[in-house]
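Student: Got a structure for you, questions after.
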Amino acid sequence: MSDTSYRIGLGERRFGRFNWMGLRTLAGREITRFLVVWTQTLLAPLVTSALFLMIFNIAIGPQRGDVMEVPFLTFLAPGILMMTVIQNAFANTTSSIVITKVQGNIVDTLMPPLSGLEILLGYLAGGVARGLLVALGIALGLGLTLGIWPAHPLVALVFVLLGACFLGGLGIVAGVFAEKFDQMAAITNFIVTPLAFLSGTFYSVSALPPVLKTLSYLNPVFYLIDGVRFGMIGTSDSSPWLGLAVCSGATFAVCLLGWAMLRTGYRLKA
């Protein structure tokens, strides 16, 4: 066989059809990035979640009565868990991309032989890992302090993973789209926060007027929170199977959009 058969042309990949080494490196970087500042990225969300539960319990817990045949604090806890997971998964991916764009070192991610899919999965790995660690910490705290252990652990895990992937993918889309920190803050304040707060975290949608109930059913985050609620306490407003289908479809759509943006270099390449 001639030497020419071993030559690799300019621009051709040297790592096969999938660059596993590059993916592991990028994923490791993203995970290390939030672990280095764990007090901000892991401890702070746990404290915030505990404060949410404590304040709601003190303010309206004893007077609220049961919701969906469970105590109000028990009903509230899974929603707080999922809301914290999705906020942290979104923050991890979007901040990572926007910071590198503002500092001008996004080229360090674009220059290595990584495809759009590999970059997408690398960023998602960081968001999902952070979301899972936060979920684990909150779930452990709920079990030890309130005696709330998952009724269906596998269901809860699946919806936590879907939530982290969905908001992590949305964070990639937002991070690519945003050019400045104030644009990222606007997306967080006017899209992510309303989706999280108006999704049945603090109330059952069965108590809403018909119009607001219909709008809630159009919100993918509602199904994430409802699915985790079923996994944690065994009760929900909608079918977990329907929630699984909606969340899977929404996650696929968001990640597909993120892959297209990364593949084409939209707002990343000059």
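Chain labels run A, B, ... following the order of the structure tokens; each chain numbers its residues from 1, and ligands are numbered from 1 in the order shown.
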With a distance cut-off of 9 Å and only C-alpha atoms, select the neighbouring residues of Gly122 in chain A, excluding the residue or stretch itself and same-chain residues fewer than 2 positions from it, and output the selection as an MDAnalysis selection string.

Tutor: chainID A and resid 22:30 117:120 124:126

Student: Deliver the residues from the most recent selection as a file, using N, CA and C atoms, as a tab-separated table (two decimals), in the first residue's frame.

Tutor:
chain	number	residue	atom	x	y	z
A	22	GLY	N	-12.23	14.51	22.10
A	22	GLY	CA	-12.60	15.92	22.16
A	22	GLY	C	-13.85	16.14	22.99
A	23	LEU	N	-14.83	15.23	22.84
A	23	LEU	CA	-16.07	15.35	23.62
A	23	LEU	C	-15.79	15.22	25.11
A	24	ARG	N	-14.97	14.24	25.49
A	24	ARG	CA	-14.63	14.06	26.91
A	24	ARG	C	-13.90	15.29	27.45
A	25	THR	N	-13.04	15.87	26.63
A	25	THR	CA	-12.29	17.05	27.08
A	25	THR	C	-13.21	18.24	27.30
A	26	LEU	N	-14.11	18.48	26.34
A	26	LEU	CA	-15.04	19.60	26.48
A	26	LEU	C	-15.99	19.38	27.65
A	27	ALA	N	-16.52	18.15	27.77
A	27	ALA	CA	-17.42	17.86	28.88
A	27	ALA	C	-16.69	18.01	30.22
A	28	GLY	N	-15.45	17.54	30.28
A	28	GLY	CA	-14.67	17.69	31.50
A	28	GLY	C	-14.43	19.14	31.85
A	29	ARG	N	-14.18	19.95	30.83
A	29	ARG	CA	-13.98	21.38	31.08
A	29	ARG	C	-15.24	22.01	31.65
A	30	GLU	N	-16.39	21.67	31.08
A	30	GLU	CA	-17.65	22.26	31.53
A	30	GLU	C	-18.01	21.82	32.94
A	117	LEU	N	-22.46	18.57	16.74
A	117	LEU	CA	-23.06	17.63	17.69
A	117	LEU	C	-22.15	17.41	18.89
A	118	GLU	N	-20.86	17.31	18.65
A	118	GLU	CA	-19.92	17.08	19.75
A	118	GLU	C	-19.86	18.29	20.69
A	119	ILE	N	-19.90	19.48	20.12
A	119	ILE	CA	-19.92	20.69	20.95
A	119	ILE	C	-21.22	20.75	21.76
A	120	LEU	N	-22.34	20.44	21.10
A	120	LEU	CA	-23.63	20.43	21.78
A	120	LEU	C	-23.61	19.47	22.97
A	124	LEU	N	-23.91	20.28	26.94
A	124	LEU	CA	-25.01	19.65	27.66
A	124	LEU	C	-24.53	18.84	28.85
A	125	ALA	N	-23.37	18.19	28.70
A	125	ALA	CA	-22.84	17.38	29.80
A	125	ALA	C	-22.65	18.22	31.06
A	126	GLY	N	-22.14	19.43	30.89
A	126	GLY	CA	-21.97	20.31	32.05
A	126	GLY	C	-23.29	20.69	32.68

Student: Set the distance at 10 Å and use only C-alpha atoms: which residues neighbour range 257-262 of chain A once local chain neighbours fewer than 6 positions away are removed? I'd like the list as a list in words.

Tutor: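 Neighbouring residues, sequence-local ones excluded: Leu110, Ser115, Gly116, Leu117, Glu118, Ile119, Leu120, Leu121, Gly168, Gly169, Leu170, Gly171, Ile172, Val173, Ala174, Gly175, Val176, Phe177, Thr251, Leu268 and Lys269 of chain A.
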
Student: For those residues, write all heavy atoms to a file as a compact mmCIF listing (two decimals), in the first residue's frame.

Tutor:
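So again.txt came out as:
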# COMPACT_ATOMS: atom_id res chain seq x y z
N LEU A 110 -14.16 26.55 19.10
CA LEU A 110 -14.50 26.35 17.69
C LEU A 110 -13.35 25.77 16.87
O LEU A 110 -13.58 25.08 15.88
CB LEU A 110 -14.94 27.68 17.07
CG LEU A 110 -16.18 28.34 17.68
CD1 LEU A 110 -16.47 29.66 17.01
CD2 LEU A 110 -17.39 27.41 17.60
N SER A 115 -17.31 18.58 15.93
CA SER A 115 -18.49 18.86 15.12
C SER A 115 -19.52 19.60 15.96
O SER A 115 -19.38 19.72 17.19
CB SER A 115 -19.09 17.55 14.60
OG SER A 115 -19.60 16.78 15.67
N GLY A 116 -20.57 20.07 15.30
CA GLY A 116 -21.64 20.75 16.02
C GLY A 116 -22.28 19.85 17.07
O GLY A 116 -22.60 20.30 18.18
N LEU A 117 -22.46 18.57 16.74
CA LEU A 117 -23.06 17.63 17.69
C LEU A 117 -22.15 17.41 18.89
O LEU A 117 -22.62 17.35 20.03
CB LEU A 117 -23.33 16.30 16.98
CG LEU A 117 -23.91 15.18 17.86
CD1 LEU A 117 -25.25 15.59 18.45
CD2 LEU A 117 -24.03 13.88 17.07
N GLU A 118 -20.86 17.31 18.65
CA GLU A 118 -19.92 17.08 19.75
C GLU A 118 -19.86 18.29 20.69
O GLU A 118 -19.78 18.14 21.91
CB GLU A 118 -18.54 16.76 19.19
CG GLU A 118 -18.49 15.40 18.49
CD GLU A 118 -17.41 15.28 17.45
OE1 GLU A 118 -16.66 16.26 17.25
OE2 GLU A 118 -17.30 14.22 16.82
N ILE A 119 -19.90 19.48 20.12
CA ILE A 119 -19.92 20.69 20.95
C ILE A 119 -21.22 20.75 21.76
O ILE A 119 -21.22 21.07 22.95
CB ILE A 119 -19.76 21.95 20.08
CG1 ILE A 119 -18.39 21.95 19.41
CG2 ILE A 119 -19.93 23.21 20.93
CD1 ILE A 119 -18.18 23.11 18.45
N LEU A 120 -22.34 20.44 21.10
CA LEU A 120 -23.63 20.43 21.78
C LEU A 120 -23.61 19.47 22.97
O LEU A 120 -24.01 19.83 24.09
CB LEU A 120 -24.73 20.03 20.80
CG LEU A 120 -26.13 19.86 21.39
CD1 LEU A 120 -26.77 21.22 21.61
CD2 LEU A 120 -27.02 19.01 20.49
N LEU A 121 -23.14 18.25 22.75
CA LEU A 121 -23.11 17.25 23.81
C LEU A 121 -22.14 17.63 24.92
O LEU A 121 -22.39 17.36 26.10
CB LEU A 121 -22.74 15.88 23.23
CG LEU A 121 -23.75 15.26 22.28
CD1 LEU A 121 -23.22 13.95 21.71
CD2 LEU A 121 -25.09 15.04 22.95
N GLY A 168 -30.86 22.91 29.44
CA GLY A 168 -29.47 23.02 29.00
C GLY A 168 -29.40 23.32 27.52
O GLY A 168 -28.61 24.16 27.07
N GLY A 169 -30.24 22.62 26.72
CA GLY A 169 -30.30 22.91 25.28
C GLY A 169 -30.80 24.32 25.00
O GLY A 169 -30.28 25.02 24.12
N LEU A 170 -31.82 24.74 25.76
CA LEU A 170 -32.33 26.10 25.59
C LEU A 170 -31.26 27.12 25.98
O LEU A 170 -31.16 28.19 25.37
CB LEU A 170 -33.57 26.29 26.46
CG LEU A 170 -34.34 27.60 26.28
CD1 LEU A 170 -34.85 27.74 24.85
CD2 LEU A 170 -35.51 27.67 27.27
N GLY A 171 -30.44 26.78 26.98
CA GLY A 171 -29.34 27.67 27.36
C GLY A 171 -28.30 27.79 26.27
O GLY A 171 -27.72 28.86 26.07
N ILE A 172 -28.05 26.70 25.54
CA ILE A 172 -27.12 26.76 24.41
C ILE A 172 -27.67 27.69 23.33
O ILE A 172 -26.95 28.54 22.79
CB ILE A 172 -26.87 25.35 23.85
CG1 ILE A 172 -26.09 24.51 24.87
CG2 ILE A 172 -26.10 25.41 22.53
CD1 ILE A 172 -25.94 23.05 24.49
N VAL A 173 -28.95 27.54 23.02
CA VAL A 173 -29.58 28.40 22.01
C VAL A 173 -29.51 29.86 22.45
O VAL A 173 -29.15 30.75 21.67
CB VAL A 173 -31.03 27.98 21.78
CG1 VAL A 173 -31.76 28.98 20.87
CG2 VAL A 173 -31.09 26.58 21.16
N ALA A 174 -29.85 30.12 23.72
CA ALA A 174 -29.82 31.49 24.23
C ALA A 174 -28.41 32.04 24.26
O ALA A 174 -28.17 33.21 23.94
CB ALA A 174 -30.43 31.53 25.63
N GLY A 175 -27.44 31.20 24.65
CA GLY A 175 -26.06 31.66 24.72
C GLY A 175 -25.50 32.00 23.34
O GLY A 175 -24.75 32.97 23.19
N VAL A 176 -25.85 31.20 22.34
CA VAL A 176 -25.40 31.49 20.97
C VAL A 176 -26.06 32.76 20.46
O VAL A 176 -25.42 33.60 19.80
CB VAL A 176 -25.71 30.30 20.04
CG1 VAL A 176 -25.42 30.67 18.59
CG2 VAL A 176 -24.88 29.09 20.44
N PHE A 177 -27.34 32.94 20.76
CA PHE A 177 -28.07 34.10 20.27
C PHE A 177 -27.63 35.39 20.96
O PHE A 177 -27.50 36.43 20.32
CB PHE A 177 -29.57 33.89 20.48
CG PHE A 177 -30.41 35.03 20.00
CD1 PHE A 177 -30.73 35.15 18.66
CD2 PHE A 177 -30.88 36.00 20.89
CE1 PHE A 177 -31.50 36.21 18.20
CE2 PHE A 177 -31.65 37.06 20.45
CZ PHE A 177 -31.97 37.17 19.10
N THR A 251 -37.45 18.67 24.14
CA THR A 251 -36.00 18.56 24.31
C THR A 251 -35.32 18.30 22.97
O THR A 251 -34.29 18.92 22.64
CB THR A 251 -35.65 17.43 25.29
OG1 THR A 251 -36.26 17.70 26.56
CG2 THR A 251 -34.15 17.30 25.47
N LEU A 268 -21.36 32.94 16.05
CA LEU A 268 -20.14 32.48 16.69
C LEU A 268 -18.90 32.76 15.84
O LEU A 268 -17.85 33.09 16.36
CB LEU A 268 -20.22 30.97 16.97
CG LEU A 268 -21.26 30.51 17.99
CD1 LEU A 268 -21.32 28.99 18.03
CD2 LEU A 268 -20.99 31.08 19.36
N LYS A 269 -19.07 32.61 14.53
CA LYS A 269 -17.97 32.84 13.61
C LYS A 269 -18.15 34.16 12.90
O LYS A 269 -19.26 34.57 12.58
CB LYS A 269 -17.90 31.71 12.55
CG LYS A 269 -17.68 30.33 13.16
CD LYS A 269 -17.68 29.26 12.09
CE LYS A 269 -17.49 27.88 12.69
NZ LYS A 269 -17.54 26.82 11.65

Student: Which is closest to Met111 in chain A among A:Gly234, A:Pro78, A:Gly265, A:Gly137, if we use only C-alpha atoms?

Tutor: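 Ranking A:Gly234, A:Pro78, A:Gly265, A:Gly137 by distance to Met111 in chain A, first place goes to A:Gly265.
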
Student: Just the residues within 10 Å of range 81-91 of chain A, please, counting only C-alpha atoms, with nothing from its chain fewer than 6 positions along; format it as a ChimeraX atom specification.

Tutor: /A:41-42,45-46,48-50,124-139,142,156,159-175,184,188,192-193,195-197,199,201,221,224-229,232

Student: Considering only C-alpha atoms, return as a list in words whatever protein or nucleic-acid residues lie within 9 Å of Tyr217 in chain A, sequence-local ones (same chain, fewer than 4 positions apart) excluded.

Tutor: Ser199, Val205, Leu212, Lys213, Phe222 and Tyr223 of chain A

Student: Could you save those same residues with N, CA and C atoms as a PDB file, in the first residue's frame?

Tutor:
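Listed below is the output, out-v5.pdb:
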ATOM      1  N   SER A 199     -45.845  27.274  35.969  1.00  0.00           N
ATOM      2  CA  SER A 199     -45.876  25.891  35.499  1.00  0.00           C
ATOM      3  C   SER A 199     -46.417  24.925  36.543  1.00  0.00           C
ATOM      4  N   VAL A 205     -52.700  23.083  38.723  1.00  0.00           N
ATOM      5  CA  VAL A 205     -53.367  23.734  37.597  1.00  0.00           C
ATOM      6  C   VAL A 205     -54.856  23.420  37.561  1.00  0.00           C
ATOM      7  N   LEU A 212     -56.275  29.883  31.664  1.00  0.00           N
ATOM      8  CA  LEU A 212     -54.938  29.714  32.246  1.00  0.00           C
ATOM      9  C   LEU A 212     -54.547  28.243  32.313  1.00  0.00           C
ATOM     10  N   LYS A 213     -55.534  27.374  32.512  1.00  0.00           N
ATOM     11  CA  LYS A 213     -55.241  25.944  32.527  1.00  0.00           C
ATOM     12  C   LYS A 213     -54.759  25.489  31.147  1.00  0.00           C
ATOM     13  N   PHE A 222     -44.307  22.732  32.645  1.00  0.00           N
ATOM     14  CA  PHE A 222     -45.378  22.175  33.475  1.00  0.00           C
ATOM     15  C   PHE A 222     -45.260  20.655  33.538  1.00  0.00           C
ATOM     16  N   TYR A 223     -45.015  20.020  32.398  1.00  0.00           N
ATOM     17  CA  TYR A 223     -44.922  18.562  32.356  1.00  0.00           C
ATOM     18  C   TYR A 223     -43.669  18.059  33.062  1.00  0.00           C
TER      19      TYR A 223
END

Student: Report, in Å with one decimal, the straight-line distance from CA of Pro220 in chain A to CA of Cys247 in chain A.

Tutor: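 The value is 6.0 Å.
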
Student: Quick one, how far is CA of Ile191 in chain A from CA of Ala253 in chain A?

Tutor: 16.7 Å

Student: Write out as number ranges by chain the residues lying within 9 Å of range 72-75 of chain A, counting only C-alpha atoms and excluding same-chain residues fewer than 6 positions away.

Tutor: A: 53, 56-57, 60-62, 64-66, 146, 148, 201-204, 229, 233, 235

Student: Please produce a file of those selected residues containing N, CA, C and O atoms, as an mmCIF file, in the first residue's frame.

Tutor:
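part_35.cif, freshly written:
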data_model
loop_
_atom_site.group_PDB
_atom_site.id
_atom_site.type_symbol
_atom_site.label_atom_id
_atom_site.label_comp_id
_atom_site.auth_asym_id
_atom_site.auth_seq_id
_atom_site.Cartn_x
_atom_site.Cartn_y
_atom_site.Cartn_z
ATOM 1 N N LEU A 53 -38.794 26.701 50.695
ATOM 2 C CA LEU A 53 -39.666 25.790 51.433
ATOM 3 C C LEU A 53 -39.986 26.332 52.827
ATOM 4 O O LEU A 53 -41.134 26.256 53.289
ATOM 5 N N PHE A 56 -42.424 29.499 52.512
ATOM 6 C CA PHE A 56 -43.784 29.114 52.152
ATOM 7 C C PHE A 56 -44.462 28.365 53.289
ATOM 8 O O PHE A 56 -45.666 28.532 53.526
ATOM 9 N N ASN A 57 -43.716 27.550 53.991
ATOM 10 C CA ASN A 57 -44.296 26.804 55.099
ATOM 11 C C ASN A 57 -44.704 27.729 56.227
ATOM 12 O O ASN A 57 -45.786 27.579 56.821
ATOM 13 N N ILE A 60 -47.779 30.337 54.552
ATOM 14 C CA ILE A 60 -49.115 29.841 54.198
ATOM 15 C C ILE A 60 -49.288 28.337 54.381
ATOM 16 O O ILE A 60 -50.386 27.816 54.169
ATOM 17 N N GLY A 61 -48.216 27.651 54.753
ATOM 18 C CA GLY A 61 -48.284 26.196 54.846
ATOM 19 C C GLY A 61 -49.383 25.677 55.753
ATOM 20 O O GLY A 61 -50.255 24.911 55.320
ATOM 21 N N PRO A 62 -49.417 26.089 57.032
ATOM 22 C CA PRO A 62 -50.422 25.533 57.944
ATOM 23 C C PRO A 62 -51.860 25.893 57.547
ATOM 24 O O PRO A 62 -52.781 25.129 57.804
ATOM 25 N N ARG A 64 -52.950 26.559 54.393
ATOM 26 C CA ARG A 64 -53.292 26.216 53.016
ATOM 27 C C ARG A 64 -54.109 24.936 52.916
ATOM 28 O O ARG A 64 -54.950 24.791 52.040
ATOM 29 N N GLY A 65 -53.882 24.006 53.795
ATOM 30 C CA GLY A 65 -54.571 22.731 53.699
ATOM 31 C C GLY A 65 -53.918 21.826 52.672
ATOM 32 O O GLY A 65 -52.896 22.168 52.068
ATOM 33 N N ASP A 66 -54.521 20.689 52.450
ATOM 34 C CA ASP A 66 -53.958 19.731 51.506
ATOM 35 C C ASP A 66 -54.168 20.179 50.066
ATOM 36 O O ASP A 66 -55.150 20.843 49.736
ATOM 37 N N LEU A 146 -37.841 16.164 55.736
ATOM 38 C CA LEU A 146 -39.295 16.084 55.623
ATOM 39 C C LEU A 146 -39.798 14.660 55.438
ATOM 40 O O LEU A 146 -41.015 14.430 55.413
ATOM 41 N N ILE A 148 -39.595 12.940 52.743
ATOM 42 C CA ILE A 148 -40.121 12.781 51.388
ATOM 43 C C ILE A 148 -39.085 12.039 50.550
ATOM 44 O O ILE A 148 -38.111 12.625 50.085
ATOM 45 N N THR A 201 -45.593 25.032 39.788
ATOM 46 C CA THR A 201 -44.632 24.802 40.871
ATOM 47 C C THR A 201 -45.270 25.032 42.229
ATOM 48 O O THR A 201 -45.092 24.244 43.164
ATOM 49 N N PHE A 202 -46.039 26.101 42.351
ATOM 50 C CA PHE A 202 -46.594 26.515 43.637
ATOM 51 C C PHE A 202 -48.092 26.249 43.760
ATOM 52 O O PHE A 202 -48.691 26.603 44.765
ATOM 53 N N TYR A 203 -48.707 25.663 42.755
ATOM 54 C CA TYR A 203 -50.152 25.445 42.771
ATOM 55 C C TYR A 203 -50.501 24.294 41.837
ATOM 56 O O TYR A 203 -49.705 23.905 40.977
ATOM 57 N N SER A 204 -51.688 23.779 42.000
ATOM 58 C CA SER A 204 -52.196 22.763 41.092
ATOM 59 C C SER A 204 -52.969 23.449 39.970
ATOM 60 O O SER A 204 -53.801 24.326 40.224
ATOM 61 N N ARG A 229 -43.084 15.553 40.181
ATOM 62 C CA ARG A 229 -44.018 15.445 41.314
ATOM 63 C C ARG A 229 -44.578 14.019 41.409
ATOM 64 O O ARG A 229 -44.693 13.466 42.503
ATOM 65 N N ILE A 233 -43.838 12.006 44.808
ATOM 66 C CA ILE A 233 -44.915 11.773 45.782
ATOM 67 C C ILE A 233 -46.057 10.941 45.219
ATOM 68 O O ILE A 233 -47.048 10.697 45.911
ATOM 69 N N THR A 235 -48.310 11.581 42.824
ATOM 70 C CA THR A 235 -49.518 12.250 42.373
ATOM 71 C C THR A 235 -49.161 13.317 41.361
ATOM 72 O O THR A 235 -48.065 13.882 41.403
#

Student: Select from range 130-255 of chain A everything DSSP, run on the backbone, classes as helix (DSSP H, G or I), then give the selection as a ChimeraX atom specification.

Tutor: /A:130-146,153-177,181-197,205-207,210-217,220-233,240-255

Student: If I take CA of Ala151 in chain A and CA of Ile80 in chain A, how far is one from the other in Å, to one decimal?

Tutor: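 Atom-to-atom, CA of Ala151 in chain A to CA of Ile80 in chain A, that is 16.7 Å.
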
Student: Quick one: of A:Leu51, A:Ile187, A:Ile31, A:Val155, who's nearest to Thr94 in chain A, counting only C-alpha atoms?

Tutor: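 Between A:Leu51, A:Ile187, A:Ile31, A:Val155, the residue approaching Thr94 in chain A most closely is A:Ile187.
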
Student: Would you please work out which residue, of A:Tyr123, A:Trp149, A:Trp38, A:Tyr266, is nearest to Ala77 in chain A when using only C-alpha atoms?

Tutor: A:Trp149
